[in-house]
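Working notes for the structure below.
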Amino acid sequence: MNQRLKQHIHDALKVCYELGTLRSLIYPDIDLEIPARSEHGDFSTNLAMVLARTEKTAPRKVAETLVSVLEETASDWGRVEIAGPGFINFFMAAGHWFAVLDEVHRRGPEYGRSAMGRGKKVQVEFVSANPTGPLHIGHGRGAATGDAVAAVLSAVGYEVQREYYLNDAGNQMYTLGRSLLLRYRELLGESLEFPEECYQGEYIRELAREYLEQKGALLLDLPEQDAVREIGSFGGNRIRDGIDRDLRDFGVCFDNWYSEQSLYDCGAVERGIAVLKERGLTYEKEGALWFRTTDFGDDKDRVLVRSNGNMTYFASDVAYHRGKFERGFDRVIDVWGADHHGYVPRMKAVLAGLGRDAEDLQCILVQLVNLLRDGKQVAMSTRSGEFVTLREVIDEVGRDACRFIFLSRRSDSQLDFDLELAKKQSNENPVYYVQYAHARVCSINRNAAEAGLRLPTAGESNLGCLTLEDELVLVKLLARYGDVVEGAAQNCEPHRIVFYLQELAARFHSYYNKGRVVTEDLETSRARLYLVNGVRTVLENALLLLGVSAPERM
RNA sequence: GCGCGAUUAGCUCAGCUGGAUAGAGCGCUGCCCUCCGGAGGCAGAGGUCGCAGGUUCGAAUCCUGCAUCGCGCGCCA
């Protein structure tokens with residue numbers, strides 16, 4: 001609808017230029033916004049104010065000139081007026097609005113999707129927690145965010161891949177193996193000191209016990225190196241499987257698990273370094289190899305190869321990101337914990353160093369989750385192994401509430417997550433408010449079916465029966481849904497969907513309380529059923545983007 | 001010290017990339033069950049958008065400085 005309106009405005013501007021009533025001869029991007037106040041119309045543009053400068057004419061005067069042309073065609077779609085300092089406000093005829101209902105019903109689950117990103121491949125990499133322990137609640141927020149961003153991008157037409165980067169190379173896997181081996185030996189009666197740098201969590205003991213039960217005491221006969229590698233790879237696999245299982249139960253499913261070790265095995269890390277060398281972006285200092293990331297805006301250079309010959313994680317990150325683009329992605333999105341924000345400039349530098357536009361990489365920083373119970377902070381410390389796992393939270397509060405809460409703020413703002421509040425099935429908990437709206441429509445449908453009323457399909461009902469102000473408001477909200485999805489996609493901000501859902505649910509509940517959908521009047525009942533099921537479709541579509549279910553009963 | 005981010009109602013937060021009289025939820029006060037599900041609705045109180053300048057027709061939004069808070073600044077992973 002606003003595309004057509006923009007075209008009208010563009011045409012009007014052209015006419016003014018041809019008539020000579022306006023002389024700027026420029027066509028600025030037409031900014032159509034939905035005013036906060038309905039008295040200001042359904043749409044509004046500041047075009048006259050933008051043109052005022054080059055026209056050297058008062059904004060209102062420019063607006064009058066434009067409006068005089070716009071009015072010639074206005075009767076087809078509504079009316080125009082000038083307001084305030086020079087806004088041009090558009091009021092669409094009600095019939096135009098109610099036509100979206102047909103679109104909602106015709107497209108069903110497709111309604112709200114668009115072709116904005118058609119033909120482009122984008123990868124969203126998220127969670128990517130080290131496979132050295134179970135996921136905790138912070139990973140859950142990253143998972144919900146990454147998954148929803150992926151879903152939203154996919155809804156606007158991108159070809160999307162969800163990827164988990166598995167840090168299975170380097171020191172930490174060795175540390176995992178060592179931690180396990182020590183616990184294993186403890187179980188076999190040895191008394192020893194458990195080093196601080198080893199993983200402290202109780203799960204280490206459990207895995208060691210599991211290994212012992214399955215394979216027995218044979219590790220004691222192996223050289224230490226081999227024993228560490230053996231039990232480490234056992235533990236790493238078990239932990240990875242556990243992570244995968246937790247994520248699936250959280251409704252997150254990765255298309256690809258990408259192994260860091262594989263980058264070493266196939267020589268990609270060496271090649272990545274070689275490319276930077278060839279481009280003259282590296283130098284040696286004090287026995288180490290450096291990448292001059294400061295050439296691209298980083299505040300200091302970074303080491304690729306240490307003086308002891310070991311590669312840094314940064315070196316494999318270069319290879320990893322280079323590989324992403326070689327795999328054909330046009331855009332790459334990394335979802336990180338906000339404590340990694342310092343890594344953004346150096347990763348952007350990697351892209352620039354490889355000859356890519358740094359904008360092709362977007363980093364979404366997810367702030368930490370502040371876990372509360374009844375308003376009191378729950379102490380957590382990864383080092384001591386005392387943390388609340390994602391698994392525990394899912395089991396306790398449920399997947400829907402969890403995901404909804406995680407997505408209810410912008411990702412870069414901190415989030416209070418109160419376990420007791422999340423469990424409450426009350427008005428303090430916004431998930432149920434939205435889901436309840438959906439269940440309510442389903443309930444109305446059941447009721448209508450009992451009364452022998454069938455759900456009307458497109459064109460079957462008389463939309464002229466929808467004369468209430470609330471009905472128009474609802475339909476306008478439905479019409480906005482596509483823009484909301486596009487905005488969420490463009491900005492990688494799934495929380496916009498959450499806010500939209502709350503508004504839609506609120507308008508629906510309000511409407512529901514004012515009168516009945518199923519009345520004695522058959523024609524009105526059918527039209528209202530048609531409307532209310534349009535609402536239901538959009539509620540469902542939006543909830544599914546967030547990975548939250550749309551229940552028919554609660 | 002340098003860098004990044006935050007600062008909006010009692011609390012938790014939005015604010016559509018610079019628009020018109022700054023919004024929502026919770027909490028608080030007072031109402032609404034003859035009615036398709038009350039996990040609901042209606043009404044009300046509540047603001048110096050951290051502070052000070054600047055940019056322009058117009059600033060919560062952009063720029064500069066300051067204050068407070070958080071995070072990050074290894075040849076760690």
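Scheme for the structure tokens: letters A, B, ... for chains in order shown; per-chain residue numbers from 1; ligand numbers from 1 in order shown.
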What are the DSSP alpha helix (DSSP H) residues of stretch 65-201 of chain A, as an MDAnalysis selection string?
chainID A and resid 65:74 94:107 137:155 171:187
What are the residues of chain A lining chain B at 6 Å or less? Count only C-alpha atoms (C1' of nucleotides), and put the answer as a list in words.
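Only these qualify: Arg306, Gly342, Ser426, Ile444, Asn447, Ser510 and Asn513 of chain A.
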Selection near A:Ser307, 12 Å with only C-alpha atoms (C1' of nucleotides), sequence-local residues under 6 positions removed, as a list of chain:residue names
A:Glu284, A:Lys285, A:Glu286, A:Gly287, A:Ala288, A:Leu289, A:Trp290, B:C75
Write out, as a tab-separated table, each residue of stretch 115-146 of chain A that has an atom at most 12 Å from stretch 258-281 of chain A, together with the closest pair of atoms and their distance in Å to one decimal, counting only C-alpha atoms, rows going by chain and rising number.
residue	atom	partner	partner_atom	distance
A:Glu125	CA	A:Tyr258	CA	9.8
A:Phe126	CA	A:Tyr258	CA	11.4
A:Ser128	CA	A:Tyr258	CA	9.3
A:Asn130	CA	A:Glu260	CA	10.8
A:Pro131	CA	A:Ser259	CA	10.9
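Running DSSP on the backbone gives strand (DSSP E or B) for these residues within stretch 81-250 of chain A: Glu81, Ile82, Ala83, Phe87, Ile88, Asn89, Phe90, Phe91, Met92, Lys121, Val122, Gln123, Val124, Glu125, His136, Glu159, Val160, Gln161, Arg162, Glu163, Tyr164, Tyr165 and Leu166 of chain A.
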Those residues with N, CA and C atoms, as a PDB file, in the first residue's frame please?
ATOM      1  N   GLU A  81      -4.136  16.066   3.375  1.00  0.00           N
ATOM      2  CA  GLU A  81      -4.185  17.407   3.945  1.00  0.00           C
ATOM      3  C   GLU A  81      -2.805  17.850   4.412  1.00  0.00           C
ATOM      4  N   ILE A  82      -2.680  19.149   4.595  1.00  0.00           N
ATOM      5  CA  ILE A  82      -1.418  19.713   5.052  1.00  0.00           C
ATOM      6  C   ILE A  82      -1.569  20.043   6.527  1.00  0.00           C
ATOM      7  N   ALA A  83      -0.532  19.757   7.284  1.00  0.00           N
ATOM      8  CA  ALA A  83      -0.646  20.013   8.725  1.00  0.00           C
ATOM      9  C   ALA A  83       0.695  20.422   9.300  1.00  0.00           C
ATOM     10  N   PHE A  87       3.818  19.093   6.995  1.00  0.00           N
ATOM     11  CA  PHE A  87       3.590  17.676   6.743  1.00  0.00           C
ATOM     12  C   PHE A  87       2.465  17.505   5.735  1.00  0.00           C
ATOM     13  N   ILE A  88       2.583  16.510   4.890  1.00  0.00           N
ATOM     14  CA  ILE A  88       1.459  16.136   4.045  1.00  0.00           C
ATOM     15  C   ILE A  88       0.930  14.815   4.589  1.00  0.00           C
ATOM     16  N   ASN A  89      -0.301  14.848   5.033  1.00  0.00           N
ATOM     17  CA  ASN A  89      -0.891  13.668   5.665  1.00  0.00           C
ATOM     18  C   ASN A  89      -1.906  13.002   4.747  1.00  0.00           C
ATOM     19  N   PHE A  90      -1.862  11.693   4.736  1.00  0.00           N
ATOM     20  CA  PHE A  90      -2.732  10.925   3.858  1.00  0.00           C
ATOM     21  C   PHE A  90      -3.692  10.084   4.680  1.00  0.00           C
ATOM     22  N   PHE A  91      -4.941  10.168   4.291  1.00  0.00           N
ATOM     23  CA  PHE A  91      -5.968   9.348   4.942  1.00  0.00           C
ATOM     24  C   PHE A  91      -6.509   8.392   3.893  1.00  0.00           C
ATOM     25  N   MET A  92      -6.279   7.119   4.117  1.00  0.00           N
ATOM     26  CA  MET A  92      -6.710   6.140   3.123  1.00  0.00           C
ATOM     27  C   MET A  92      -8.180   5.791   3.340  1.00  0.00           C
ATOM     28  N   LYS A 121      22.550 -15.039  -0.309  1.00  0.00           N
ATOM     29  CA  LYS A 121      22.824 -16.045   0.713  1.00  0.00           C
ATOM     30  C   LYS A 121      23.420 -15.391   1.937  1.00  0.00           C
ATOM     31  N   VAL A 122      22.867 -15.705   3.068  1.00  0.00           N
ATOM     32  CA  VAL A 122      23.413 -15.149   4.300  1.00  0.00           C
ATOM     33  C   VAL A 122      23.603 -16.270   5.309  1.00  0.00           C
ATOM     34  N   GLN A 123      24.673 -16.158   6.077  1.00  0.00           N
ATOM     35  CA  GLN A 123      24.906 -17.148   7.111  1.00  0.00           C
ATOM     36  C   GLN A 123      24.797 -16.483   8.473  1.00  0.00           C
ATOM     37  N   VAL A 124      24.088 -17.130   9.364  1.00  0.00           N
ATOM     38  CA  VAL A 124      24.035 -16.656  10.737  1.00  0.00           C
ATOM     39  C   VAL A 124      24.771 -17.674  11.599  1.00  0.00           C
ATOM     40  N   GLU A 125      25.836 -17.224  12.210  1.00  0.00           N
ATOM     41  CA  GLU A 125      26.589 -18.113  13.096  1.00  0.00           C
ATOM     42  C   GLU A 125      26.294 -17.700  14.526  1.00  0.00           C
ATOM     43  N   HIS A 136      24.892 -22.554  29.234  1.00  0.00           N
ATOM     44  CA  HIS A 136      24.218 -21.888  30.339  1.00  0.00           C
ATOM     45  C   HIS A 136      23.207 -20.886  29.795  1.00  0.00           C
ATOM     46  N   GLU A 159      18.363 -16.638   1.487  1.00  0.00           N
ATOM     47  CA  GLU A 159      18.671 -18.044   1.692  1.00  0.00           C
ATOM     48  C   GLU A 159      19.586 -18.088   2.906  1.00  0.00           C
ATOM     49  N   VAL A 160      19.121 -18.716   3.977  1.00  0.00           N
ATOM     50  CA  VAL A 160      19.801 -18.603   5.255  1.00  0.00           C
ATOM     51  C   VAL A 160      20.385 -19.927   5.723  1.00  0.00           C
ATOM     52  N   GLN A 161      21.609 -19.874   6.215  1.00  0.00           N
ATOM     53  CA  GLN A 161      22.177 -21.047   6.863  1.00  0.00           C
ATOM     54  C   GLN A 161      22.488 -20.727   8.320  1.00  0.00           C
ATOM     55  N   ARG A 162      22.111 -21.657   9.196  1.00  0.00           N
ATOM     56  CA  ARG A 162      22.435 -21.511  10.622  1.00  0.00           C
ATOM     57  C   ARG A 162      23.657 -22.371  10.908  1.00  0.00           C
ATOM     58  N   GLU A 163      24.684 -21.738  11.444  1.00  0.00           N
ATOM     59  CA  GLU A 163      25.917 -22.491  11.663  1.00  0.00           C
ATOM     60  C   GLU A 163      26.419 -22.357  13.095  1.00  0.00           C
ATOM     61  N   TYR A 164      26.965 -23.454  13.580  1.00  0.00           N
ATOM     62  CA  TYR A 164      27.599 -23.499  14.903  1.00  0.00           C
ATOM     63  C   TYR A 164      29.071 -23.755  14.680  1.00  0.00           C
ATOM     64  N   TYR A 165      29.906 -22.866  15.165  1.00  0.00           N
ATOM     65  CA  TYR A 165      31.348 -23.003  15.013  1.00  0.00           C
ATOM     66  C   TYR A 165      31.886 -23.710  16.242  1.00  0.00           C
ATOM     67  N   LEU A 166      32.469 -24.854  16.008  1.00  0.00           N
ATOM     68  CA  LEU A 166      32.899 -25.709  17.095  1.00  0.00           C
ATOM     69  C   LEU A 166      34.381 -25.493  17.367  1.00  0.00           C
TER      70      LEU A 166
END
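Interatomic distance, atom CA of A:Phe254 to atom CA of A:Arg327: 16.6 Å.
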